[in-house]
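Enquirer: Please find entry37.cif (mmCIF, C-alpha atoms and all ligand atoms) on the next line:
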```cif
data_upload
loop_
_atom_site.group_PDB
_atom_site.id
_atom_site.type_symbol
_atom_site.label_atom_id
_atom_site.label_comp_id
_atom_site.auth_asym_id
_atom_site.auth_seq_id
_atom_site.Cartn_x
_atom_site.Cartn_y
_atom_site.Cartn_z
ATOM 1 C CA MET A 18 -60.451 11.431 -13.999
ATOM 2 C CA THR A 19 -61.957 8.761 -16.231
ATOM 3 C CA GLN A 20 -59.362 6.529 -17.803
ATOM 4 C CA ILE A 21 -59.919 5.965 -21.503
ATOM 5 C CA ALA A 22 -58.844 2.500 -22.569
ATOM 6 C CA GLN A 23 -56.165 2.594 -25.272
ATOM 7 C CA LEU A 24 -57.514 0.908 -28.365
ATOM 8 C CA PRO A 25 -54.970 -0.760 -30.643
ATOM 9 C CA SER A 26 -54.413 1.306 -33.777
ATOM 10 C CA PRO A 27 -55.981 -0.135 -36.940
ATOM 11 C CA PRO A 28 -53.559 -1.914 -39.245
ATOM 12 C CA LEU A 29 -51.749 0.154 -41.852
ATOM 13 C CA LEU A 30 -51.892 -2.685 -44.342
ATOM 14 C CA GLU A 31 -54.348 -5.558 -44.642
ATOM 15 C CA VAL A 32 -53.824 -8.334 -47.151
ATOM 16 C CA SER A 33 -56.924 -10.536 -47.380
ATOM 17 C CA HIS A 34 -57.108 -13.864 -49.222
ATOM 18 C CA VAL A 35 -54.819 -12.684 -51.997
ATOM 19 C CA MET A 36 -54.285 -14.996 -54.947
ATOM 20 C CA LYS A 37 -51.945 -14.310 -57.845
ATOM 21 C CA HIS A 38 -51.915 -16.424 -60.975
ATOM 22 C CA TYR A 39 -49.426 -15.682 -63.686
ATOM 23 C CA ASP A 40 -49.897 -18.036 -66.601
ATOM 24 C CA GLY A 41 -49.009 -21.334 -64.908
ATOM 25 C CA ALA A 42 -51.501 -23.734 -63.342
ATOM 26 C CA LYS A 43 -50.109 -23.192 -59.860
ATOM 27 C CA PRO A 44 -50.729 -19.820 -58.220
ATOM 28 C CA ALA A 45 -47.688 -17.716 -57.290
ATOM 29 C CA LEU A 46 -49.698 -16.532 -54.254
ATOM 30 C CA ASP A 47 -52.277 -18.834 -52.726
ATOM 31 C CA ASP A 48 -54.814 -17.335 -50.314
ATOM 32 C CA ILE A 49 -52.424 -15.037 -48.421
ATOM 33 C CA SER A 50 -53.799 -13.019 -45.485
ATOM 34 C CA PHE A 51 -51.986 -10.885 -42.902
ATOM 35 C CA SER A 52 -51.938 -7.333 -41.613
ATOM 36 C CA ILE A 53 -49.152 -4.911 -40.670
ATOM 37 C CA ARG A 54 -49.173 -2.148 -38.086
ATOM 38 C CA LYS A 55 -47.428 1.201 -38.089
ATOM 39 C CA GLY A 56 -43.688 0.907 -37.384
ATOM 40 C CA GLU A 57 -43.586 -2.894 -37.567
ATOM 41 C CA PHE A 58 -40.455 -4.486 -39.022
ATOM 42 C CA VAL A 59 -41.614 -7.593 -40.846
ATOM 43 C CA SER A 60 -39.384 -9.968 -42.785
ATOM 44 C CA VAL A 61 -40.647 -12.357 -45.434
ATOM 45 C CA ILE A 62 -38.601 -15.521 -45.791
ATOM 46 C CA GLY A 63 -38.929 -18.558 -48.017
ATOM 47 C CA PRO A 64 -37.115 -20.385 -50.794
ATOM 48 C CA SER A 65 -36.487 -18.899 -54.207
ATOM 49 C CA GLY A 66 -39.709 -18.896 -56.235
ATOM 50 C CA ALA A 67 -41.912 -19.001 -53.107
ATOM 51 C CA GLY A 68 -43.705 -15.780 -54.081
ATOM 52 C CA LYS A 69 -41.970 -13.190 -51.866
ATOM 53 C CA SER A 70 -41.314 -10.698 -54.643
ATOM 54 C CA THR A 71 -44.793 -11.206 -56.112
ATOM 55 C CA LEU A 72 -46.286 -10.495 -52.691
ATOM 56 C CA LEU A 73 -44.411 -7.214 -52.340
ATOM 57 C CA ARG A 74 -45.420 -6.089 -55.818
ATOM 58 C CA CYS A 75 -49.100 -6.804 -55.164
ATOM 59 C CA ILE A 76 -49.050 -4.437 -52.182
ATOM 60 C CA ASN A 77 -48.358 -1.256 -54.197
ATOM 61 C CA ARG A 78 -50.119 -2.694 -57.254
ATOM 62 C CA MET A 79 -47.033 -2.961 -59.416
ATOM 63 C CA ILE A 80 -48.845 -6.141 -60.357
ATOM 64 C CA GLU A 81 -52.567 -6.846 -60.024
ATOM 65 C CA VAL A 82 -53.865 -9.505 -57.661
ATOM 66 C CA SER A 83 -55.986 -12.203 -59.298
ATOM 67 C CA LYS A 84 -58.320 -12.474 -56.308
ATOM 68 C CA GLY A 85 -58.588 -11.093 -52.782
ATOM 69 C CA GLU A 86 -57.928 -7.598 -51.527
ATOM 70 C CA VAL A 87 -55.103 -5.325 -50.366
ATOM 71 C CA ARG A 88 -56.142 -2.403 -48.147
ATOM 72 C CA PHE A 89 -53.763 0.397 -47.202
ATOM 73 C CA GLU A 90 -54.963 2.826 -44.527
ATOM 74 C CA GLY A 91 -58.357 1.169 -44.891
ATOM 75 C CA ILE A 92 -58.593 1.898 -48.627
ATOM 76 C CA SER A 93 -58.832 -0.883 -51.185
ATOM 77 C CA VAL A 94 -55.748 -0.562 -53.400
ATOM 78 C CA GLY A 95 -57.416 -2.416 -56.299
ATOM 79 C CA GLN A 96 -60.152 0.252 -56.556
ATOM 80 C CA LEU A 97 -57.829 3.245 -56.941
ATOM 81 C CA ASN A 98 -57.791 5.290 -60.134
ATOM 82 C CA ARG A 99 -54.467 6.394 -61.658
ATOM 83 C CA LYS A 100 -54.238 9.594 -59.685
ATOM 84 C CA ASP A 101 -54.995 7.947 -56.352
ATOM 85 C CA LEU A 102 -52.651 5.070 -57.133
ATOM 86 C CA LYS A 103 -49.851 7.608 -57.639
ATOM 87 C CA LYS A 104 -50.751 9.098 -54.259
ATOM 88 C CA LEU A 105 -50.700 5.660 -52.642
ATOM 89 C CA ARG A 106 -47.293 4.873 -54.143
ATOM 90 C CA SER A 107 -45.916 8.117 -52.733
ATOM 91 C CA LYS A 108 -46.717 6.686 -49.279
ATOM 92 C CA ILE A 109 -45.015 3.375 -50.007
ATOM 93 C CA GLY A 110 -41.284 3.489 -50.756
ATOM 94 C CA MET A 111 -39.469 0.637 -52.438
ATOM 95 C CA ILE A 112 -35.902 -0.661 -52.196
ATOM 96 C CA PHE A 113 -34.536 -3.204 -54.648
ATOM 97 C CA GLN A 114 -31.764 -5.784 -54.719
ATOM 98 C CA HIS A 115 -30.107 -4.081 -57.698
ATOM 99 C CA TYR A 116 -30.780 -0.582 -56.312
ATOM 100 C CA ASN A 117 -32.608 0.725 -59.452
ATOM 101 C CA LEU A 118 -30.605 3.958 -59.465
ATOM 102 C CA VAL A 119 -29.815 6.034 -62.533
ATOM 103 C CA ASP A 120 -26.085 5.309 -62.676
ATOM 104 C CA ARG A 121 -25.040 8.404 -64.633
ATOM 105 C CA LEU A 122 -26.818 10.734 -62.194
ATOM 106 C CA THR A 123 -25.392 11.960 -58.900
ATOM 107 C CA VAL A 124 -26.361 10.796 -55.440
ATOM 108 C CA ILE A 125 -28.520 13.864 -54.758
ATOM 109 C CA GLU A 126 -30.250 13.617 -58.139
ATOM 110 C CA ASN A 127 -31.114 9.993 -57.480
ATOM 111 C CA VAL A 128 -32.383 10.762 -53.986
ATOM 112 C CA LEU A 129 -34.551 13.612 -55.283
ATOM 113 C CA HIS A 130 -36.155 11.170 -57.709
ATOM 114 C CA GLY A 131 -37.989 9.918 -54.626
ATOM 115 C CA ARG A 132 -40.010 13.161 -54.706
ATOM 116 C CA LEU A 133 -41.285 12.597 -58.250
ATOM 117 C CA GLY A 134 -44.376 10.728 -57.066
ATOM 118 C CA SER A 135 -45.689 13.824 -55.327
ATOM 119 C CA LYS A 136 -45.083 16.221 -58.260
ATOM 120 C CA SER A 137 -46.918 17.034 -61.437
ATOM 121 C CA THR A 138 -45.515 15.281 -64.493
ATOM 122 C CA LEU A 139 -44.222 18.592 -65.862
ATOM 123 C CA ALA A 140 -42.425 19.683 -62.677
ATOM 124 C CA GLY A 141 -40.937 16.190 -62.428
ATOM 125 C CA ALA A 142 -39.804 16.183 -66.061
ATOM 126 C CA LEU A 143 -38.150 19.577 -65.585
ATOM 127 C CA GLY A 144 -36.404 18.341 -62.446
ATOM 128 C CA ARG A 145 -37.857 21.167 -60.357
ATOM 129 C CA TYR A 146 -37.318 20.641 -56.669
ATOM 130 C CA SER A 147 -37.973 23.099 -53.872
ATOM 131 C CA ARG A 148 -35.338 24.317 -51.453
ATOM 132 C CA ASP A 149 -37.038 22.247 -48.701
ATOM 133 C CA GLU A 150 -36.885 19.115 -50.819
ATOM 134 C CA LYS A 151 -33.197 19.644 -51.522
ATOM 135 C CA GLN A 152 -32.495 20.300 -47.867
ATOM 136 C CA GLN A 153 -34.372 17.176 -46.791
ATOM 137 C CA ALA A 154 -32.457 15.121 -49.369
ATOM 138 C CA MET A 155 -29.143 16.525 -48.085
ATOM 139 C CA GLU A 156 -30.066 15.703 -44.489
ATOM 140 C CA LEU A 157 -30.941 12.126 -45.381
ATOM 141 C CA ILE A 158 -27.762 11.706 -47.407
ATOM 142 C CA THR A 159 -25.772 12.950 -44.408
ATOM 143 C CA THR A 160 -27.668 10.705 -41.966
ATOM 144 C CA LEU A 161 -26.874 7.747 -44.192
ATOM 145 C CA GLY A 162 -23.166 8.576 -44.134
ATOM 146 C CA LEU A 163 -22.922 9.715 -47.750
ATOM 147 C CA ALA A 164 -22.142 13.404 -47.225
ATOM 148 C CA ASP A 165 -18.818 13.060 -49.045
ATOM 149 C CA HIS A 166 -20.539 11.608 -52.105
ATOM 150 C CA VAL A 167 -23.421 14.037 -52.702
ATOM 151 C CA TYR A 168 -22.277 15.067 -56.189
ATOM 152 C CA GLN A 169 -20.668 11.789 -57.156
ATOM 153 C CA ARG A 170 -22.182 9.718 -59.965
ATOM 154 C CA CYS A 171 -23.861 6.603 -58.625
ATOM 155 C CA ASP A 172 -21.857 4.271 -60.880
ATOM 156 C CA GLN A 173 -18.770 5.235 -58.852
ATOM 157 C CA LEU A 174 -20.233 3.964 -55.571
ATOM 158 C CA SER A 175 -19.891 0.592 -53.861
ATOM 159 C CA GLY A 176 -22.924 -1.689 -53.585
ATOM 160 C CA GLY A 177 -23.476 -0.745 -49.954
ATOM 161 C CA GLN A 178 -23.309 2.958 -50.782
ATOM 162 C CA LYS A 179 -25.745 2.473 -53.679
ATOM 163 C CA GLN A 180 -28.187 0.770 -51.358
ATOM 164 C CA ARG A 181 -27.910 3.662 -48.913
ATOM 165 C CA VAL A 182 -28.845 5.985 -51.795
ATOM 166 C CA GLY A 183 -31.810 3.661 -52.389
ATOM 167 C CA ILE A 184 -32.848 4.036 -48.757
ATOM 168 C CA ALA A 185 -32.506 7.842 -48.882
ATOM 169 C CA ARG A 186 -34.583 7.924 -52.085
ATOM 170 C CA ALA A 187 -37.315 5.907 -50.361
ATOM 171 C CA LEU A 188 -37.206 8.053 -47.204
ATOM 172 C CA VAL A 189 -37.372 11.384 -49.033
ATOM 173 C CA GLN A 190 -40.907 10.385 -50.043
ATOM 174 C CA ASP A 191 -41.924 10.555 -46.347
ATOM 175 C CA PRO A 192 -43.335 7.054 -46.688
ATOM 176 C CA LYS A 193 -45.529 5.244 -44.196
ATOM 177 C CA MET A 194 -44.206 1.933 -45.404
ATOM 178 C CA ILE A 195 -41.134 0.706 -47.289
ATOM 179 C CA LEU A 196 -41.104 -2.507 -49.279
ATOM 180 C CA CYS A 197 -37.598 -3.969 -49.501
ATOM 181 C CA ASP A 198 -37.065 -6.675 -52.104
ATOM 182 C CA GLU A 199 -33.895 -8.596 -51.175
ATOM 183 C CA PRO A 200 -32.093 -5.398 -50.108
ATOM 184 C CA ILE A 201 -28.882 -7.165 -49.044
ATOM 185 C CA ALA A 202 -28.741 -10.046 -51.525
ATOM 186 C CA SER A 203 -25.946 -8.367 -53.528
ATOM 187 C CA LEU A 204 -23.933 -7.123 -50.540
ATOM 188 C CA ASP A 205 -21.163 -8.537 -48.380
ATOM 189 C CA MET A 206 -21.671 -9.095 -44.662
ATOM 190 C CA SER A 207 -20.401 -5.766 -43.411
ATOM 191 C CA ALA A 208 -22.404 -3.715 -45.950
ATOM 192 C CA SER A 209 -25.470 -5.878 -45.191
ATOM 193 C CA LYS A 210 -25.158 -5.132 -41.493
ATOM 194 C CA ILE A 211 -25.063 -1.373 -42.132
ATOM 195 C CA ILE A 212 -28.130 -1.556 -44.374
ATOM 196 C CA MET A 213 -30.158 -3.679 -41.935
ATOM 197 C CA GLU A 214 -29.245 -1.425 -39.025
ATOM 198 C CA GLN A 215 -30.255 1.675 -40.967
ATOM 199 C CA LEU A 216 -33.569 0.090 -41.919
ATOM 200 C CA LYS A 217 -34.253 -0.939 -38.340
ATOM 201 C CA ARG A 218 -33.388 2.518 -37.107
ATOM 202 C CA PHE A 219 -35.817 4.206 -39.502
ATOM 203 C CA ALA A 220 -38.601 1.780 -38.581
ATOM 204 C CA ASN A 221 -38.057 2.614 -34.901
ATOM 205 C CA GLU A 222 -37.402 6.346 -35.082
ATOM 206 C CA MET A 223 -39.740 7.354 -37.898
ATOM 207 C CA HIS A 224 -42.389 4.680 -37.199
ATOM 208 C CA ILE A 225 -42.208 3.488 -40.773
ATOM 209 C CA SER A 226 -43.485 -0.048 -41.396
ATOM 210 C CA LEU A 227 -41.014 -2.221 -43.247
ATOM 211 C CA ILE A 228 -41.617 -5.392 -45.194
ATOM 212 C CA VAL A 229 -38.288 -6.941 -46.084
ATOM 213 C CA ASN A 230 -37.845 -9.967 -48.337
ATOM 214 C CA LEU A 231 -34.809 -11.875 -47.161
ATOM 215 C CA HIS A 232 -32.960 -15.034 -48.039
ATOM 216 C CA GLN A 233 -30.992 -15.074 -44.818
ATOM 217 C CA VAL A 234 -32.965 -16.517 -41.906
ATOM 218 C CA ASP A 235 -30.363 -15.375 -39.355
ATOM 219 C CA VAL A 236 -30.767 -11.779 -40.516
ATOM 220 C CA ALA A 237 -34.557 -12.054 -40.286
ATOM 221 C CA LEU A 238 -34.253 -13.467 -36.768
ATOM 222 C CA LYS A 239 -31.960 -10.657 -35.669
ATOM 223 C CA TYR A 240 -33.839 -7.624 -36.950
ATOM 224 C CA SER A 241 -37.530 -8.475 -37.282
ATOM 225 C CA ASP A 242 -40.446 -7.819 -34.969
ATOM 226 C CA ARG A 243 -42.298 -10.444 -36.945
ATOM 227 C CA ILE A 244 -41.528 -12.982 -39.646
ATOM 228 C CA LEU A 245 -43.753 -14.283 -42.433
ATOM 229 C CA GLY A 246 -42.737 -17.628 -43.918
ATOM 230 C CA VAL A 247 -43.839 -18.321 -47.484
ATOM 231 C CA ASN A 248 -43.623 -21.633 -49.287
ATOM 232 C CA LYS A 249 -45.093 -22.298 -52.745
ATOM 233 C CA GLY A 250 -47.218 -19.176 -52.538
ATOM 234 C CA ARG A 251 -48.713 -20.000 -49.150
ATOM 235 C CA LEU A 252 -48.214 -18.262 -45.851
ATOM 236 C CA VAL A 253 -46.997 -21.097 -43.633
ATOM 237 C CA PHE A 254 -45.673 -19.070 -40.697
ATOM 238 C CA ASP A 255 -46.633 -15.728 -39.144
ATOM 239 C CA GLY A 256 -45.051 -15.024 -35.792
ATOM 240 C CA GLY A 257 -42.231 -13.504 -33.784
ATOM 241 C CA PRO A 258 -38.568 -14.509 -34.214
ATOM 242 C CA GLY A 259 -38.725 -16.379 -30.888
ATOM 243 C CA GLU A 260 -41.424 -18.691 -32.239
ATOM 244 C CA LEU A 261 -39.422 -19.767 -35.266
ATOM 245 C CA SER A 262 -37.920 -23.172 -34.432
ATOM 246 C CA SER A 263 -35.471 -25.016 -36.688
ATOM 247 C CA GLU A 264 -38.288 -27.464 -37.560
ATOM 248 C CA LEU A 265 -40.449 -24.576 -38.757
ATOM 249 C CA ILE A 266 -37.562 -23.117 -40.741
ATOM 250 C CA ALA A 267 -37.125 -26.494 -42.437
ATOM 251 C CA GLU A 268 -40.829 -26.527 -43.270
ATOM 252 C CA ILE A 269 -40.747 -23.008 -44.705
ATOM 253 C CA TYR A 270 -37.793 -23.967 -46.890
ATOM 254 C CA GLY A 271 -39.447 -27.220 -47.919
ATOM 255 C CA THR A 272 -36.690 -29.407 -46.536
ATOM 256 C CA ALA A 273 -39.146 -31.334 -44.356
ATOM 257 C CA SER A 274 -42.580 -32.749 -45.172
ATOM 258 C CA PRO A 275 -44.789 -29.922 -46.472
ATOM 259 C CA ALA A 276 -46.458 -27.728 -43.866
ATOM 260 C CA PRO A 277 -50.221 -28.051 -43.711
ATOM 261 C CA ARG A 278 -51.927 -25.044 -45.181
ATOM 262 C CA ALA A 279 -51.479 -21.986 -42.951
ATOM 263 C CA ARG A 280 -50.960 -24.235 -39.947
ATOM 264 C CA TYR A 281 -48.725 -21.730 -38.241
ATOM 265 C CA ALA A 282 -50.231 -18.588 -39.638
ATOM 266 C CA SER A 283 -52.145 -16.440 -37.183
HETATM 267 P P1 LIG B 301 -39.466 -15.199 -54.860
HETATM 268 O O1 LIG B 301 -39.445 -13.714 -54.786
HETATM 269 O O2 LIG B 301 -39.870 -15.851 -53.582
HETATM 270 O O3 LIG B 301 -38.212 -15.797 -55.423
HETATM 271 P P2 LIG B 301 -41.324 -14.767 -57.057
HETATM 272 O O4 LIG B 301 -42.427 -13.953 -56.532
HETATM 273 O O5 LIG B 301 -40.278 -14.094 -57.875
HETATM 274 O O6 LIG B 301 -40.655 -15.609 -55.883
HETATM 275 O O7 LIG B 301 -41.946 -15.938 -57.961
HETATM 276 C C1 LIG B 301 -43.032 -16.750 -57.525
HETATM 277 C C2 LIG B 301 -43.463 -17.629 -58.698
HETATM 278 O O8 LIG B 301 -44.055 -16.824 -59.707
HETATM 279 C C3 LIG B 301 -42.314 -18.398 -59.353
HETATM 280 O O9 LIG B 301 -42.787 -19.652 -59.762
HETATM 281 C C4 LIG B 301 -41.978 -17.540 -60.545
HETATM 282 O O10 LIG B 301 -41.435 -18.306 -61.584
HETATM 283 C C5 LIG B 301 -43.349 -16.980 -60.934
HETATM 284 N N1 LIG B 301 -43.258 -15.638 -61.552
HETATM 285 C C6 LIG B 301 -42.721 -14.529 -60.988
HETATM 286 N N2 LIG B 301 -42.840 -13.484 -61.827
HETATM 287 C C7 LIG B 301 -43.471 -13.937 -62.950
HETATM 288 C C8 LIG B 301 -43.884 -13.335 -64.165
HETATM 289 N N3 LIG B 301 -43.687 -12.048 -64.413
HETATM 290 N N4 LIG B 301 -44.492 -14.126 -65.079
HETATM 291 C C9 LIG B 301 -44.731 -15.430 -64.848
HETATM 292 N N5 LIG B 301 -44.360 -16.068 -63.701
HETATM 293 C C10 LIG B 301 -43.750 -15.337 -62.774
#
```
Output the file's structure as structure tokens, nothing else.
Expert:
Amino acid sequence: MTQIAQLPSPPLLEVSHVMKHYDGAKPALDDISFSIRKGEFVSVIGPSGAGKSTLLRCINRMIEVSKGEVRFEGISVGQLNRKDLKKLRSKIGMIFQHYNLVDRLTVIENVLHGRLGSKSTLAGALGRYSRDEKQQAMELITTLGLADHVYQRCDQLSGGQKQRVGIARALVQDPKMILCDEPIASLDMSASKIIMEQLKRFANEMHISLIVNLHQVDVALKYSDRILGVNKGRLVFDGGPGELSSELIAEIYGTASPAPRARYAS
């Protein structure tokens, strides 16, 4: 039988020469290019103000790029009309440092909010969810260890529990990718470990690509397939955890002489 060579799958996300200028003279993102494959767990590290959060928000067009292009599943995100942008965002979940839950609502209500992106405005406003949606939400809540809290208001939960609700809300969308903006920055070590392990598990088991902004280099080293290092809006490192030496870490964090432009980026 003829053997058919296995071609590598095309990237899920391609970021090409992206620039972002807010109002200052210096760009917040300066000619950033990289691509992400299905199921990859990618951390973005760099000092505060490096552009990590801006980068994440350009991917699902929460903010517009000034120049360059973001392509998701081969489609240029900048060209999408409102309807198609809503569709795109339903494929890209988001997790935030401060959880962004509705505190007075219960765990299940918050999780079901993750389905809003795939509903009409009216059905969403009326809070109409199908039996399947409710069942899926319950399963995720149980998987995330929150079965005892389903009907509890979110303001009664610990930070770690709130973040698990955030993960369930992202997963109930059936996303292809989840963007995580400092997901453990407000948590203690043991809650952080649970969150990172859950994220890793979902990347592996559900083949969801994750892009995780992190302050903690050791956490990035432990969980990532790949690490992007950003300094002053530039991508100065793109490689596996094993390639990240202490010299490179110092360069990413600007504690050594500045890295030449994209010297280590592939
Ligand atoms: P990080 O997430 O790495 O801390 P950010 O993406 O938040 O970095 O910020 C990158 C740069 O862009 C910083 O200089 C920051 O002050 C600036 N910046 C971020 N958001 C805005 C905004 N909405 N308006 C103007 N400048 C901004």
Enquirer: Show me which residues sit within 12 Å of ligand LIG 301 (chain B) when counting only C-alpha atoms and all ligand atoms, and put them as a PyMOL selection string.
Expert: chain A and resi 36-47+61-75+79-81+113-114+197-199+202+229-232+245-252+269-270
Enquirer: How would you write as a PyMOL selection string the residues that get within 12 Å of (-20.0, 14.9, -55.3) in the file's frame, counting only C-alpha atoms?
Expert: chain A and resi 122-126+155+158+163-171+173-174
Enquirer: Could you tell me how far CA of Leu216 (chain A) lies from CA of Ile184 (chain A), in Å and to one decimal?
Expert: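 Between CA of Leu216 (chain A) and CA of Ile184 (chain A) the gap works out to 7.9 Å.
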Enquirer: Which residues, named as in the file, does the PyMOL selection byres (((chain A and resi 183) around 9) and not hetatm) pick out? Answer as number ranges by chain.
Expert: A: 111-113, 116-118, 127-128, 178-182, 184-188
Enquirer: Give as a list in words the set of residues within 7 Å of the point (-23.6, 3.7, -65.7), where distances use the file's coordinates and all atoms listed in the file.
Expert: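 Returned residue set, sorted by chain then number, is Asp120, Arg121 and Asp172 of chain A.
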